[in-house]
Amino acid sequence: MWDWFINFLTMVLEGLHGVSGDWGLAVIILTLIIRLILTPLQTKSVKSTANMQIMQPKIAEIQEKYADDPVRMQEEQMKLYSEASFNPLMGCLPLFLQMPVFFALFTVVKNVPVDASFFGILPSISNSVAGVLAASGWAAAAPYIIFDLLFGVLTFVPMLMNTQMQGDQRMQSITMGAVMSIMMLWFGWSCPAAVLLYYVTSSLWQVAQQQLVTNKVMEKARKEAEEAAKNKPVEVNVVRKEKKPRPHKKN
(Lines give C-alpha, C1' and ligand atoms only; values in the text may rest on other atoms or scores of the structure.)
Protein backbone atom coordinates (compact mmCIF):
# COMPACT_ATOMS: atom_id res chain seq x y z
CA MET A 1 0.00 0.00 0.00
CA TRP A 2 2.80 2.41 0.93
CA ASP A 3 4.75 1.60 -2.26
CA TRP A 4 1.61 2.26 -4.29
CA PHE A 5 1.20 5.65 -2.59
CA ILE A 6 4.87 6.52 -3.26
CA ASN A 7 4.48 5.62 -6.95
CA PHE A 8 1.22 7.55 -7.21
CA LEU A 9 2.71 10.66 -5.61
CA THR A 10 5.76 10.41 -7.88
CA MET A 11 3.50 10.20 -10.91
CA VAL A 12 1.49 13.23 -9.77
CA LEU A 13 4.66 15.24 -9.14
CA GLU A 14 6.04 14.32 -12.55
CA GLY A 15 2.76 15.39 -14.16
CA LEU A 16 2.82 18.72 -12.34
CA HIS A 17 6.44 19.19 -13.43
CA GLY A 18 5.39 18.59 -17.01
CA VAL A 19 2.81 21.38 -16.70
CA SER A 20 4.88 23.88 -14.68
CA GLY A 21 8.35 23.15 -16.06
CA ASP A 22 9.97 23.34 -12.60
CA TRP A 23 10.26 20.63 -9.93
CA GLY A 24 10.10 23.04 -6.98
CA LEU A 25 7.02 24.73 -8.42
CA ALA A 26 5.49 21.28 -8.89
CA VAL A 27 5.94 20.65 -5.13
CA ILE A 28 4.26 24.00 -4.37
CA ILE A 29 1.32 23.22 -6.68
CA LEU A 30 0.96 19.77 -5.08
CA THR A 31 0.88 21.41 -1.65
CA LEU A 32 -1.81 23.90 -2.72
CA ILE A 33 -3.94 21.12 -4.23
CA ILE A 34 -3.76 19.13 -0.98
CA ARG A 35 -4.63 22.20 1.11
CA LEU A 36 -7.60 22.96 -1.16
CA ILE A 37 -8.88 19.39 -0.81
CA LEU A 38 -8.56 19.62 2.98
CA THR A 39 -10.24 23.05 3.27
CA PRO A 40 -13.74 21.64 4.10
CA LEU A 41 -12.22 19.46 6.83
CA GLN A 42 -10.22 22.43 8.11
CA THR A 43 -13.43 24.47 8.39
CA LYS A 44 -15.06 21.67 10.38
CA SER A 45 -11.94 21.49 12.55
CA VAL A 46 -12.24 25.21 13.33
CA LYS A 47 -15.91 24.82 14.28
CA SER A 48 -15.00 21.83 16.43
CA THR A 49 -12.36 23.91 18.24
CA ALA A 50 -14.92 26.68 18.86
CA ASN A 51 -17.39 24.16 20.29
CA MET A 52 -14.65 22.80 22.54
CA GLN A 53 -13.97 26.27 23.94
CA ILE A 54 -17.67 26.78 24.65
CA MET A 55 -17.87 23.43 26.45
CA GLN A 56 -14.83 23.97 28.66
CA PRO A 57 -16.86 25.32 31.66
CA LYS A 58 -19.25 22.34 31.47
CA ILE A 59 -16.36 19.90 31.17
CA ALA A 60 -14.70 21.49 34.20
CA GLU A 61 -18.00 21.16 36.11
CA ILE A 62 -18.24 17.47 35.24
CA GLN A 63 -14.63 16.84 36.24
CA GLU A 64 -15.20 18.52 39.59
CA LYS A 65 -18.47 16.74 40.40
CA TYR A 66 -17.26 13.29 39.38
CA ALA A 67 -13.65 13.56 40.52
CA ASP A 68 -14.06 10.36 42.58
CA ASP A 69 -15.87 8.44 39.83
CA PRO A 70 -13.75 8.33 36.60
CA VAL A 71 -16.17 5.99 34.82
CA ARG A 72 -19.15 8.27 35.45
CA MET A 73 -17.01 11.28 34.50
CA GLN A 74 -16.21 9.67 31.13
CA GLU A 75 -19.86 8.82 30.54
CA GLU A 76 -21.01 12.37 31.26
CA GLN A 77 -18.31 13.85 29.00
CA MET A 78 -19.31 11.55 26.14
CA LYS A 79 -22.93 12.55 26.70
CA LEU A 80 -21.92 16.20 26.56
CA TYR A 81 -19.98 15.64 23.30
CA SER A 82 -22.93 13.80 21.79
CA GLU A 83 -25.49 16.49 22.65
CA ALA A 84 -23.17 19.23 21.35
CA SER A 85 -22.33 17.22 18.17
CA PHE A 86 -18.64 17.48 19.02
CA ASN A 87 -15.93 15.11 17.77
CA PRO A 88 -12.64 15.50 19.73
CA LEU A 89 -10.65 13.98 16.83
CA MET A 90 -11.90 16.46 14.22
CA GLY A 91 -9.39 19.12 15.27
CA CYS A 92 -6.43 16.84 14.47
CA LEU A 93 -7.80 15.17 11.32
CA PRO A 94 -6.46 17.68 8.71
CA LEU A 95 -2.95 17.37 10.17
CA PHE A 96 -3.09 13.57 10.24
CA LEU A 97 -4.21 13.44 6.60
CA GLN A 98 -1.22 15.55 5.53
CA MET A 99 1.37 13.46 7.34
CA PRO A 100 1.52 10.61 4.74
CA VAL A 101 2.36 13.14 1.99
CA PHE A 102 4.96 14.83 4.21
CA PHE A 103 6.80 11.58 4.95
CA ALA A 104 6.31 10.16 1.45
CA LEU A 105 8.24 13.10 -0.01
CA PHE A 106 11.40 11.76 1.64
CA THR A 107 11.19 8.79 -0.73
CA VAL A 108 9.59 10.55 -3.71
CA VAL A 109 12.53 12.98 -4.09
CA LYS A 110 14.80 9.99 -4.67
CA ASN A 111 12.79 9.24 -7.82
CA VAL A 112 13.27 12.68 -9.39
CA PRO A 113 16.42 13.80 -11.24
CA VAL A 114 19.39 14.79 -9.06
CA ASP A 115 19.40 18.26 -10.62
CA ALA A 116 15.66 18.81 -10.08
CA SER A 117 15.69 22.43 -8.90
CA PHE A 118 13.45 25.26 -7.73
CA PHE A 119 14.07 28.02 -10.30
CA GLY A 120 17.80 27.83 -9.58
CA ILE A 121 17.20 29.08 -6.01
CA LEU A 122 17.52 25.53 -4.73
CA PRO A 123 19.75 23.70 -7.28
CA SER A 124 18.54 20.30 -6.04
CA ILE A 125 15.28 19.73 -4.14
CA SER A 126 16.52 16.27 -3.14
CA ASN A 127 19.50 17.70 -1.27
CA SER A 128 19.53 18.97 2.32
CA VAL A 129 21.16 21.83 4.21
CA ALA A 130 23.69 19.45 5.74
CA GLY A 131 24.46 17.84 2.38
CA VAL A 132 24.97 21.11 0.49
CA LEU A 133 26.99 22.61 3.34
CA ALA A 134 29.34 19.62 3.44
CA ALA A 135 29.76 19.51 -0.35
CA SER A 136 29.81 23.18 -1.38
CA GLY A 137 30.17 25.40 1.70
CA TRP A 138 28.13 28.16 3.34
CA ALA A 139 27.50 30.30 0.26
CA ALA A 140 25.84 27.47 -1.67
CA ALA A 141 23.95 26.33 1.42
CA ALA A 142 22.54 29.82 2.21
CA PRO A 143 19.21 29.38 0.31
CA TYR A 144 18.72 25.99 1.98
CA ILE A 145 19.43 27.51 5.40
CA ILE A 146 16.82 30.22 4.76
CA PHE A 147 14.19 27.57 4.00
CA ASP A 148 15.21 25.67 7.13
CA LEU A 149 14.76 28.87 9.19
CA LEU A 150 11.32 29.35 7.63
CA PHE A 151 10.61 25.70 8.47
CA GLY A 152 11.20 26.49 12.15
CA VAL A 153 9.63 29.95 12.29
CA LEU A 154 6.42 28.89 10.54
CA THR A 155 5.97 26.18 13.15
CA PHE A 156 5.83 28.90 15.80
CA VAL A 157 3.81 31.64 14.04
CA PRO A 158 0.38 29.87 13.98
CA MET A 159 0.58 29.31 17.75
CA LEU A 160 1.62 32.94 18.28
CA MET A 161 -1.36 34.09 16.21
CA ASN A 162 -3.82 32.11 18.28
CA THR A 163 -5.56 34.95 20.10
CA GLN A 164 -8.31 32.66 21.36
CA MET A 165 -6.15 31.52 24.27
CA GLN A 166 -5.61 33.76 27.25
CA GLY A 167 -3.35 33.94 30.30
CA ASP A 168 -1.41 30.86 31.35
CA GLN A 169 -2.88 28.77 28.52
CA ARG A 170 -1.53 31.21 25.93
CA MET A 171 1.91 31.29 27.57
CA GLN A 172 2.05 27.50 27.61
CA SER A 173 1.12 27.43 23.92
CA ILE A 174 3.84 29.97 23.07
CA THR A 175 6.45 28.05 25.08
CA MET A 176 5.50 24.78 23.40
CA GLY A 177 5.62 26.52 20.01
CA ALA A 178 9.11 27.85 20.69
CA VAL A 179 10.36 24.38 21.68
CA MET A 180 8.73 22.84 18.60
CA SER A 181 10.32 25.53 16.41
CA ILE A 182 13.81 24.66 17.68
CA MET A 183 13.14 20.95 17.14
CA MET A 184 11.98 21.66 13.58
CA LEU A 185 15.16 23.64 12.85
CA TRP A 186 17.22 20.64 13.95
CA PHE A 187 15.00 18.19 12.05
CA GLY A 188 14.97 20.34 8.88
CA TRP A 189 18.76 20.52 8.77
CA SER A 190 18.93 17.05 7.23
CA CYS A 191 15.58 17.12 5.37
CA PRO A 192 15.43 17.14 1.56
CA ALA A 193 14.66 20.64 0.28
CA ALA A 194 11.41 19.32 -1.27
CA VAL A 195 10.12 18.52 2.23
CA LEU A 196 11.06 22.00 3.47
CA LEU A 197 9.37 23.54 0.43
CA TYR A 198 6.20 21.52 1.05
CA TYR A 199 6.05 22.45 4.74
CA VAL A 200 6.84 26.14 4.19
CA THR A 201 4.15 26.43 1.52
CA SER A 202 1.61 24.57 3.67
CA SER A 203 2.41 26.73 6.71
CA LEU A 204 2.12 29.97 4.72
CA TRP A 205 -1.29 28.76 3.54
CA GLN A 206 -2.25 28.03 7.15
CA VAL A 207 -1.13 31.47 8.36
CA ALA A 208 -3.07 33.22 5.56
CA GLN A 209 -6.11 31.02 6.16
CA GLN A 210 -6.00 31.66 9.90
CA GLN A 211 -5.74 35.40 9.37
CA LEU A 212 -8.36 35.74 6.63
CA VAL A 213 -10.78 32.87 7.20
CA THR A 214 -10.29 30.91 10.41
CA ASN A 215 -10.83 33.81 12.82
CA LYS A 216 -14.12 34.70 11.10
CA VAL A 217 -15.28 31.09 11.05
CA MET A 218 -14.24 30.69 14.69
CA GLU A 219 -16.22 33.75 15.75
CA LYS A 220 -19.29 32.62 13.82
CA ALA A 221 -19.04 29.07 15.17
CA ARG A 222 -18.66 30.38 18.72
CA LYS A 223 -21.78 32.52 18.41
CA GLU A 224 -23.73 29.57 17.00
CA ALA A 225 -22.50 27.29 19.79
CA GLU A 226 -23.37 29.86 22.46
CA GLU A 227 -26.84 30.32 20.97
CA ALA A 228 -27.35 26.55 20.84
CA ALA A 229 -26.19 26.24 24.45
CA LYS A 230 -28.74 28.87 25.52
CA ASN A 231 -31.59 27.21 23.66
CA LYS A 232 -30.63 23.72 24.72
CA PRO A 233 -28.50 23.74 27.84
CA VAL A 234 -26.70 20.53 28.66
CA GLU A 235 -27.61 19.34 32.10
CA VAL A 236 -25.19 17.45 34.23
CA ASN A 237 -26.94 14.74 36.21
CA VAL A 238 -25.79 14.51 39.77
CA VAL A 239 -26.82 11.53 41.83
CA ARG A 240 -27.60 12.46 45.42
CA LYS A 241 -28.38 10.11 48.21
CA GLU A 242 -31.95 10.34 49.46
CA LYS A 243 -32.28 11.45 53.04
CA LYS A 244 -34.04 8.87 55.14
CA PRO A 245 -36.39 10.16 57.86
CA ARG A 246 -34.92 9.88 61.30
CA PRO A 247 -36.73 7.49 63.62
CA HIS A 248 -38.69 9.26 66.37
CA LYS A 249 -38.27 8.22 69.95
CA LYS A 250 -41.32 6.73 71.53
CA ASN A 251 -42.66 8.65 74.50
# chains A, B, ... in the order shown; residues from 1 in each chain; ligands from 1
call {"tool": "residues_around", "arguments": {"residues": "Phe106 in chain A", "least_positions_apart": "5", "cutoff": "10 Å", "atoms": "only C-alpha atoms", "output": "MDAnalysis selection string"}}
result
chainID A and resid 6 101 111 126 191:195
call {"tool": "residues_around", "arguments": {"residues": "Ile145 in chain A", "least_positions_apart": "5", "cutoff": "12 Å", "atoms": "only C-alpha atoms", "output": "number ranges by chain"}}
result
A: 121-122, 127-133, 137-140, 150-152, 185-186, 188-193, 196-197
call {"tool": "closest_residue", "arguments": {"among": "A:Val27, A:Met180, A:Ser82, A:Leu204", "to": "Asn51 in chain A", "atoms": "only C-alpha atoms"}}
result
A:Ser82
call {"tool": "closest_residue", "arguments": {"among": "A:Leu154, A:Leu16, A:Ala67, A:Leu105", "to": "Ala208 in chain A", "atoms": "only C-alpha atoms"}}
result
A:Leu154
call {"tool": "atom_distance", "arguments": {"atom1": "CA of Val200 in chain A", "atom2": "CA of Val114 in chain A"}}
result
21.5 Å
call {"tool": "atom_distance", "arguments": {"atom1": "CA of Ile174 in chain A", "atom2": "CA of Val157 in chain A"}}
result
9.2 Å
